[in-house]
$ cat data-v3.cif   # mmCIF, C-alpha atoms
data_my_file
#
loop_
_atom_site.label_atom_id
_atom_site.label_comp_id
_atom_site.auth_asym_id
_atom_site.auth_seq_id
_atom_site.Cartn_x
_atom_site.Cartn_y
_atom_site.Cartn_z
CA MET S 1 137.75 -164.82 155.05
CA ASN S 2 134.68 -166.62 153.83
CA ARG S 3 132.49 -163.90 152.35
CA PRO S 4 133.25 -162.32 148.95
CA GLY S 5 133.57 -158.79 150.42
CA ASP S 6 135.80 -159.69 153.40
CA ARG S 7 139.02 -158.46 151.79
CA ARG S 8 137.37 -155.25 150.68
CA ARG S 9 136.04 -154.58 154.18
CA ALA S 10 139.41 -155.38 155.76
CA ALA S 11 141.08 -152.84 153.47
CA LEU S 12 138.40 -150.27 154.32
CA ARG S 13 138.93 -150.77 158.07
CA ILE S 14 142.58 -149.83 157.54
CA GLU S 15 141.65 -146.90 155.32
CA MET S 16 139.02 -145.80 157.85
CA HIS S 17 141.70 -144.29 160.06
CA ASP S 18 142.51 -141.80 157.31
CA LEU S 19 139.01 -140.33 157.40
CA GLN S 20 139.24 -136.67 158.28
CA LEU S 21 136.76 -136.52 161.14
CA ASP S 22 137.15 -134.02 163.90
CA LEU S 23 136.31 -136.32 166.80
CA PRO S 24 137.39 -135.80 170.39
CA SER S 25 139.72 -138.40 171.81
CA SER S 26 139.58 -140.11 175.18
CA ARG S 27 143.18 -138.96 175.61
CA ASP S 28 141.79 -135.42 175.81
CA GLY S 29 138.83 -136.55 177.92
CA ARG S 30 139.78 -134.86 181.15
CA ASN S 31 140.00 -131.53 179.35
CA LEU S 32 136.82 -131.91 177.28
CA LYS S 33 133.29 -131.98 178.58
CA MET S 34 131.29 -135.13 178.04
CA ASP S 35 128.80 -133.10 176.00
CA LYS S 36 131.46 -132.65 173.30
CA PHE S 37 131.68 -136.42 172.90
CA PHE S 38 127.91 -136.83 172.70
CA GLN S 39 127.65 -133.98 170.18
CA ALA S 40 130.41 -135.51 168.04
CA ALA S 41 128.61 -138.89 168.07
CA LYS S 42 125.35 -137.19 167.07
CA GLN S 43 127.04 -135.40 164.16
CA LEU S 44 128.87 -138.52 162.99
CA ASN S 45 125.64 -140.53 163.17
CA ALA S 46 123.85 -137.86 161.09
CA LYS S 47 126.66 -137.97 158.51
CA PHE S 48 126.48 -141.77 158.40
CA GLU S 49 122.68 -141.67 157.97
CA ARG S 50 122.91 -139.10 155.14
CA ASN S 51 125.46 -141.23 153.31
CA TYR S 52 123.48 -144.41 153.92
CA ASN S 53 120.35 -142.87 152.41
CA LYS S 54 122.13 -141.58 149.29
CA LYS S 55 122.05 -143.44 146.00
CA LYS S 56 124.42 -146.37 146.36
CA ASN S 57 127.49 -146.63 144.19
CA VAL S 58 130.80 -148.32 144.98
CA GLN S 59 132.53 -145.19 146.31
CA ASN S 60 129.53 -144.13 148.40
CA LEU S 61 129.09 -147.67 149.69
CA ASP S 62 132.72 -147.81 150.81
CA LYS S 63 132.63 -144.36 152.42
CA THR S 64 129.36 -145.13 154.20
CA TYR S 65 130.80 -148.40 155.49
CA MET S 66 133.87 -146.58 156.84
CA LEU S 67 131.72 -143.90 158.50
CA GLY S 68 129.58 -146.57 160.15
CA LYS S 69 132.60 -148.50 161.41
CA ARG S 70 134.13 -145.29 162.73
CA LEU S 71 130.86 -144.35 164.45
CA MET S 72 130.71 -147.75 166.12
CA GLN S 73 134.34 -147.54 167.21
CA PHE S 74 133.87 -144.03 168.59
CA ILE S 75 130.76 -144.94 170.57
CA VAL S 76 131.88 -148.35 171.81
CA GLU S 77 135.58 -147.71 172.43
CA GLU S 78 136.29 -143.98 172.76
CA ILE S 79 133.35 -142.43 174.58
CA PRO S 80 133.25 -144.93 177.50
CA ARG S 81 136.85 -144.01 178.33
CA HIS S 82 135.81 -140.49 179.32
CA PRO S 83 135.99 -140.11 183.11
CA ASP S 84 132.42 -138.73 183.33
CA TYR S 85 130.80 -141.29 181.03
CA ARG S 86 129.04 -143.23 183.82
CA ALA S 87 127.69 -140.12 185.57
CA PRO S 88 123.92 -140.47 186.15
CA LYS S 89 123.22 -137.13 184.49
CA TYR S 90 124.23 -138.71 181.13
CA ASP S 91 121.79 -141.65 181.25
CA LYS S 92 119.65 -140.26 178.41
CA GLN S 93 122.67 -139.58 176.20
CA ARG S 94 124.01 -143.11 176.78
CA GLU S 95 120.60 -144.48 175.83
CA LYS S 96 120.71 -142.44 172.63
CA LEU S 97 124.19 -143.81 171.88
CA SER S 98 122.81 -147.33 172.27
CA LYS S 99 120.17 -146.53 169.67
CA TYR S 100 122.84 -145.20 167.30
CA VAL S 101 124.78 -148.46 167.74
CA GLU S 102 121.69 -150.62 167.12
CA GLY S 103 120.77 -148.72 163.97
CA CYS S 104 124.32 -148.57 162.70
CA PHE S 105 124.88 -152.28 163.31
CA GLY S 106 121.87 -153.24 161.20
CA LYS S 107 122.87 -150.86 158.42
CA LEU S 108 126.48 -152.07 158.43
CA SER S 109 125.17 -155.60 158.04
CA HIS S 110 123.09 -154.48 155.06
CA LEU S 111 126.10 -152.65 153.56
CA SER S 112 128.21 -155.79 154.01
CA ASP S 113 125.60 -157.80 152.14
CA GLN S 114 125.64 -155.26 149.31
CA MET S 115 129.44 -155.40 149.17
CA ASP S 116 129.32 -159.18 149.05
CA ALA S 117 126.87 -159.04 146.16
CA GLU S 118 129.13 -156.61 144.27
CA GLU S 119 132.23 -158.71 144.90
CA TYR S 120 130.38 -161.88 143.90
CA GLU S 121 129.39 -160.24 140.60
CA LYS S 122 133.04 -159.26 140.02
CA ILE S 123 134.14 -162.84 140.65
CA LYS S 124 131.45 -164.18 138.32
CA THR S 125 132.50 -161.72 135.60
CA GLN S 126 136.18 -162.63 136.03
CA LYS S 127 135.40 -166.34 135.83
CA SER S 128 133.24 -165.82 132.74
CA SER S 129 135.99 -163.73 131.17
CA ARG S 130 138.61 -166.41 131.91
CA ALA S 131 136.35 -169.14 130.53
CA LEU S 132 135.75 -167.07 127.41
CA ASN S 133 139.51 -166.54 126.94
CA ILE S 134 140.15 -170.29 127.31
CA ALA S 135 137.40 -171.09 124.81
CA GLU S 136 138.76 -168.55 122.31
CA THR S 137 142.26 -170.02 122.69
CA LYS S 138 140.93 -173.52 122.01
CA ILE S 139 138.91 -172.34 119.01
CA ASN S 140 141.96 -170.57 117.59
CA ALA S 141 144.05 -173.71 118.09
CA VAL S 142 141.44 -175.82 116.26
CA LYS S 143 141.27 -173.27 113.43
CA ALA S 144 145.05 -173.23 113.14
CA HIS S 145 145.11 -177.01 113.05
CA GLN S 146 142.43 -177.03 110.34
CA GLN S 147 144.33 -174.50 108.20
CA TYR S 148 147.74 -176.12 108.56
CA PRO S 149 147.22 -179.77 109.55
CA HIS S 150 150.60 -180.93 108.17
CA GLN S 151 152.52 -178.43 110.38
CA GLN S 152 150.80 -179.71 113.51
CA GLN S 153 151.75 -183.35 112.76
CA GLN S 154 155.49 -182.59 112.34
CA THR S 155 155.92 -181.28 115.89
#

$ encode --input "data-v3.cif" --output "structure tokens"
Amino acid sequence: MNRPGDRRRAALRIEMHDLQLDLPSSRDGRNLKMDKFFQAAKQLNAKFERNYNKKKNVQNLDKTYMLGKRLMQFIVEEIPRHPDYRAPKYDKQREKLSKYVEGCFGKLSHLSDQMDAEEYEKIKTQKSSRALNIAETKINAVKAHQQYPHQQQQT
């Protein structure tokens, strides 16, 4: 983990599975029409886009990141498992899915950069706070020594 937001994103990838999204599963693929999968991807992409375009705050940023990761996973891993996925009649829908992936990938990269910036600011603030605490401790020690110099020499 080299980027400041890597831990945060790793935790979100785990949390992502708790998102309550009503997506079809490839396990049910034989019983569901391919159109259901394409429709679910379209709806999830729309939800991701809405969240992405909202005012960014930490909670929205995290939720948007999870939606984007889930969208990518659904399109790249789940949908191709459907038995009818490669049927020629779905060429246009597969092309649309590719566009969703391209757009989502770029936006996830941007979200990752924003998360890194937030985490970097947290680290900077923590370091500044620690440095301030150390400086205050040293100042207090000097003040104590100045007030009671004879007590310091006896120890």

$ atom_distance --input "data-v3.cif" --atom1 "CA of Asp22 (chain S)" --atom2 "CA of Phe38 (chain S)"
13.1 Å

$ resolve_selection --input "data-v3.cif" --expression "the PyMOL selection byres ((chain S and resi 21) around 10)" --output "ChimeraX atom specification"
/S:17-20,22-24,40,44,67,70

$ resolve_selection --input "data-v3.cif" --expression "the PyMOL selection byres ((chain S and resi 72-88) around 7)" --output "list of chain:residue names"
S:Ser25, S:Ser26, S:Gly29, S:Arg30, S:Met34, S:Phe37, S:Ala41, S:Gly68, S:Lys69, S:Arg70, S:Leu71, S:Lys89, S:Tyr90, S:Asp91, S:Leu97, S:Val101

$ write_last_selection --input "data-v3.cif" --atoms "C-alpha atoms" --output "mmCIF file, in the coordinates of the input"
data_model
loop_
_atom_site.group_PDB
_atom_site.id
_atom_site.type_symbol
_atom_site.label_atom_id
_atom_site.label_comp_id
_atom_site.auth_asym_id
_atom_site.auth_seq_id
_atom_site.Cartn_x
_atom_site.Cartn_y
_atom_site.Cartn_z
ATOM 1 C CA SER S 25 139.720 -138.400 171.810
ATOM 2 C CA SER S 26 139.580 -140.110 175.180
ATOM 3 C CA GLY S 29 138.830 -136.550 177.920
ATOM 4 C CA ARG S 30 139.780 -134.860 181.150
ATOM 5 C CA MET S 34 131.290 -135.130 178.040
ATOM 6 C CA PHE S 37 131.680 -136.420 172.900
ATOM 7 C CA ALA S 41 128.610 -138.890 168.070
ATOM 8 C CA GLY S 68 129.580 -146.570 160.150
ATOM 9 C CA LYS S 69 132.600 -148.500 161.410
ATOM 10 C CA ARG S 70 134.130 -145.290 162.730
ATOM 11 C CA LEU S 71 130.860 -144.350 164.450
ATOM 12 C CA LYS S 89 123.220 -137.130 184.490
ATOM 13 C CA TYR S 90 124.230 -138.710 181.130
ATOM 14 C CA ASP S 91 121.790 -141.650 181.250
ATOM 15 C CA LEU S 97 124.190 -143.810 171.880
ATOM 16 C CA VAL S 101 124.780 -148.460 167.740
#

$ closest_residue --input "data-v3.cif" --among "S:Asn140, S:Ser98, S:Ser128, S:Ser112" --to "Asn45 (chain S)" --atoms "all atoms listed in the file"
S:Ser98

$ resolve_selection --input "data-v3.cif" --expression "the PyMOL selection byres ((chain S and resi 49) around 12)" --output "compact mmCIF listing (two decimals) with C-alpha atoms, keeping the file's coordinate frame"
# COMPACT_ATOMS: atom_id res chain seq x y z
CA LYS S 42 125.35 -137.19 167.07
CA GLN S 43 127.04 -135.40 164.16
CA LEU S 44 128.87 -138.52 162.99
CA ASN S 45 125.64 -140.53 163.17
CA ALA S 46 123.85 -137.86 161.09
CA LYS S 47 126.66 -137.97 158.51
CA PHE S 48 126.48 -141.77 158.40
CA ARG S 50 122.91 -139.10 155.14
CA ASN S 51 125.46 -141.23 153.31
CA TYR S 52 123.48 -144.41 153.92
CA ASN S 53 120.35 -142.87 152.41
CA LYS S 54 122.13 -141.58 149.29
CA LYS S 63 132.63 -144.36 152.42
CA THR S 64 129.36 -145.13 154.20
CA TYR S 65 130.80 -148.40 155.49
CA LEU S 67 131.72 -143.90 158.50
CA GLY S 68 129.58 -146.57 160.15
CA LEU S 71 130.86 -144.35 164.45
CA TYR S 100 122.84 -145.20 167.30
CA GLY S 103 120.77 -148.72 163.97
CA CYS S 104 124.32 -148.57 162.70
CA LYS S 107 122.87 -150.86 158.42
CA LEU S 108 126.48 -152.07 158.43

$ atom_distance --input "data-v3.cif" --atom1 "CA of Leu12 (chain S)" --atom2 "CA of Asp62 (chain S)"
7.1 Å

$ atom_distance --input "data-v3.cif" --atom1 "CA of Lys127 (chain S)" --atom2 "CA of Met66 (chain S)"
28.9 Å

$ axis_aligned_box --input "data-v3.cif" --around "region 5-17 of chain S" --padding-each-side "5 Å" --output "JSON"
{"center_x": 138.1, "center_y": -152.0, "center_z": 155.2, "size_x": 19.0, "size_y": 25.4, "size_z": 19.6}

$ closest_residue --input "data-v3.cif" --among "S:Gln93, S:Thr137, S:Gln114, S:Gln126" --to "Lys36 (chain S)" --atoms "all atoms listed in the file"
S:Gln93

$ build_atoms --input "data-v3.cif" --residues "region 77-99 of chain S" --atoms "N, CA, C and O atoms" --output "short mmCIF file (atom, residue, chain, number, x, y, z; two decimals), keeping the file's coordinate frame"
data_model
loop_
_atom_site.label_atom_id
_atom_site.label_comp_id
_atom_site.auth_asym_id
_atom_site.auth_seq_id
_atom_site.Cartn_x
_atom_site.Cartn_y
_atom_site.Cartn_z
N GLU S 77 134.23 -147.69 171.85
CA GLU S 77 135.58 -147.71 172.43
C GLU S 77 136.02 -146.37 173.03
O GLU S 77 136.59 -146.34 174.11
N GLU S 78 135.77 -145.28 172.32
CA GLU S 78 136.29 -143.98 172.76
C GLU S 78 135.47 -143.35 173.88
O GLU S 78 136.00 -142.98 174.92
N ILE S 79 134.19 -143.18 173.63
CA ILE S 79 133.35 -142.43 174.58
C ILE S 79 133.36 -143.05 175.98
O ILE S 79 133.50 -142.32 176.97
N PRO S 80 133.25 -144.37 176.13
CA PRO S 80 133.25 -144.93 177.50
C PRO S 80 134.54 -144.69 178.28
O PRO S 80 134.55 -144.85 179.50
N ARG S 81 135.60 -144.29 177.62
CA ARG S 81 136.85 -144.01 178.33
C ARG S 81 136.84 -142.65 179.04
O ARG S 81 137.72 -142.37 179.86
N HIS S 82 135.88 -141.81 178.69
CA HIS S 82 135.81 -140.49 179.32
C HIS S 82 135.50 -140.67 180.80
O HIS S 82 134.65 -141.49 181.17
N PRO S 83 136.18 -139.93 181.66
CA PRO S 83 135.99 -140.11 183.11
C PRO S 83 134.56 -139.86 183.61
O PRO S 83 134.15 -140.42 184.62
N ASP S 84 133.78 -139.05 182.88
CA ASP S 84 132.42 -138.73 183.33
C ASP S 84 131.35 -139.58 182.64
O ASP S 84 130.16 -139.36 182.86
N TYR S 85 131.74 -140.53 181.85
CA TYR S 85 130.80 -141.29 181.03
C TYR S 85 129.69 -141.94 181.86
O TYR S 85 128.53 -141.95 181.46
N ARG S 86 130.01 -142.49 183.00
CA ARG S 86 129.04 -143.23 183.82
C ARG S 86 128.22 -142.31 184.75
O ARG S 86 127.36 -142.81 185.48
N ALA S 87 128.44 -141.04 184.70
CA ALA S 87 127.69 -140.12 185.57
C ALA S 87 126.19 -140.23 185.28
O ALA S 87 125.78 -140.26 184.12
N PRO S 88 125.38 -140.31 186.33
CA PRO S 88 123.92 -140.47 186.15
C PRO S 88 123.28 -139.39 185.28
O PRO S 88 122.29 -139.66 184.60
N LYS S 89 123.84 -138.20 185.27
CA LYS S 89 123.22 -137.13 184.49
C LYS S 89 123.30 -137.40 182.97
O LYS S 89 122.64 -136.72 182.19
N TYR S 90 124.09 -138.40 182.56
CA TYR S 90 124.23 -138.71 181.13
C TYR S 90 123.48 -139.97 180.72
O TYR S 90 123.71 -140.51 179.63
N ASP S 91 122.55 -140.44 181.57
CA ASP S 91 121.79 -141.65 181.25
C ASP S 91 121.06 -141.55 179.90
O ASP S 91 121.10 -142.48 179.10
N LYS S 92 120.41 -140.43 179.66
CA LYS S 92 119.65 -140.26 178.41
C LYS S 92 120.58 -140.27 177.20
O LYS S 92 120.26 -140.86 176.17
N GLN S 93 121.73 -139.61 177.32
CA GLN S 93 122.67 -139.58 176.20
C GLN S 93 123.23 -140.98 175.92
O GLN S 93 123.41 -141.35 174.77
N ARG S 94 123.51 -141.74 176.98
CA ARG S 94 124.01 -143.11 176.78
C ARG S 94 122.95 -143.98 176.10
O ARG S 94 123.26 -144.80 175.24
N GLU S 95 121.69 -143.75 176.46
CA GLU S 95 120.60 -144.48 175.83
C GLU S 95 120.53 -144.14 174.33
O GLU S 95 120.34 -145.00 173.49
N LYS S 96 120.72 -142.88 174.03
CA LYS S 96 120.71 -142.44 172.63
C LYS S 96 121.88 -143.08 171.87
O LYS S 96 121.73 -143.53 170.73
N LEU S 97 123.04 -143.16 172.51
CA LEU S 97 124.19 -143.81 171.88
C LEU S 97 123.89 -145.27 171.57
O LEU S 97 124.27 -145.79 170.52
N SER S 98 123.19 -145.93 172.49
CA SER S 98 122.81 -147.33 172.27
C SER S 98 121.92 -147.46 171.04
O SER S 98 122.06 -148.41 170.26
N LYS S 99 121.03 -146.51 170.86
CA LYS S 99 120.17 -146.53 169.67
C LYS S 99 120.98 -146.31 168.40
O LYS S 99 120.72 -146.93 167.37
#
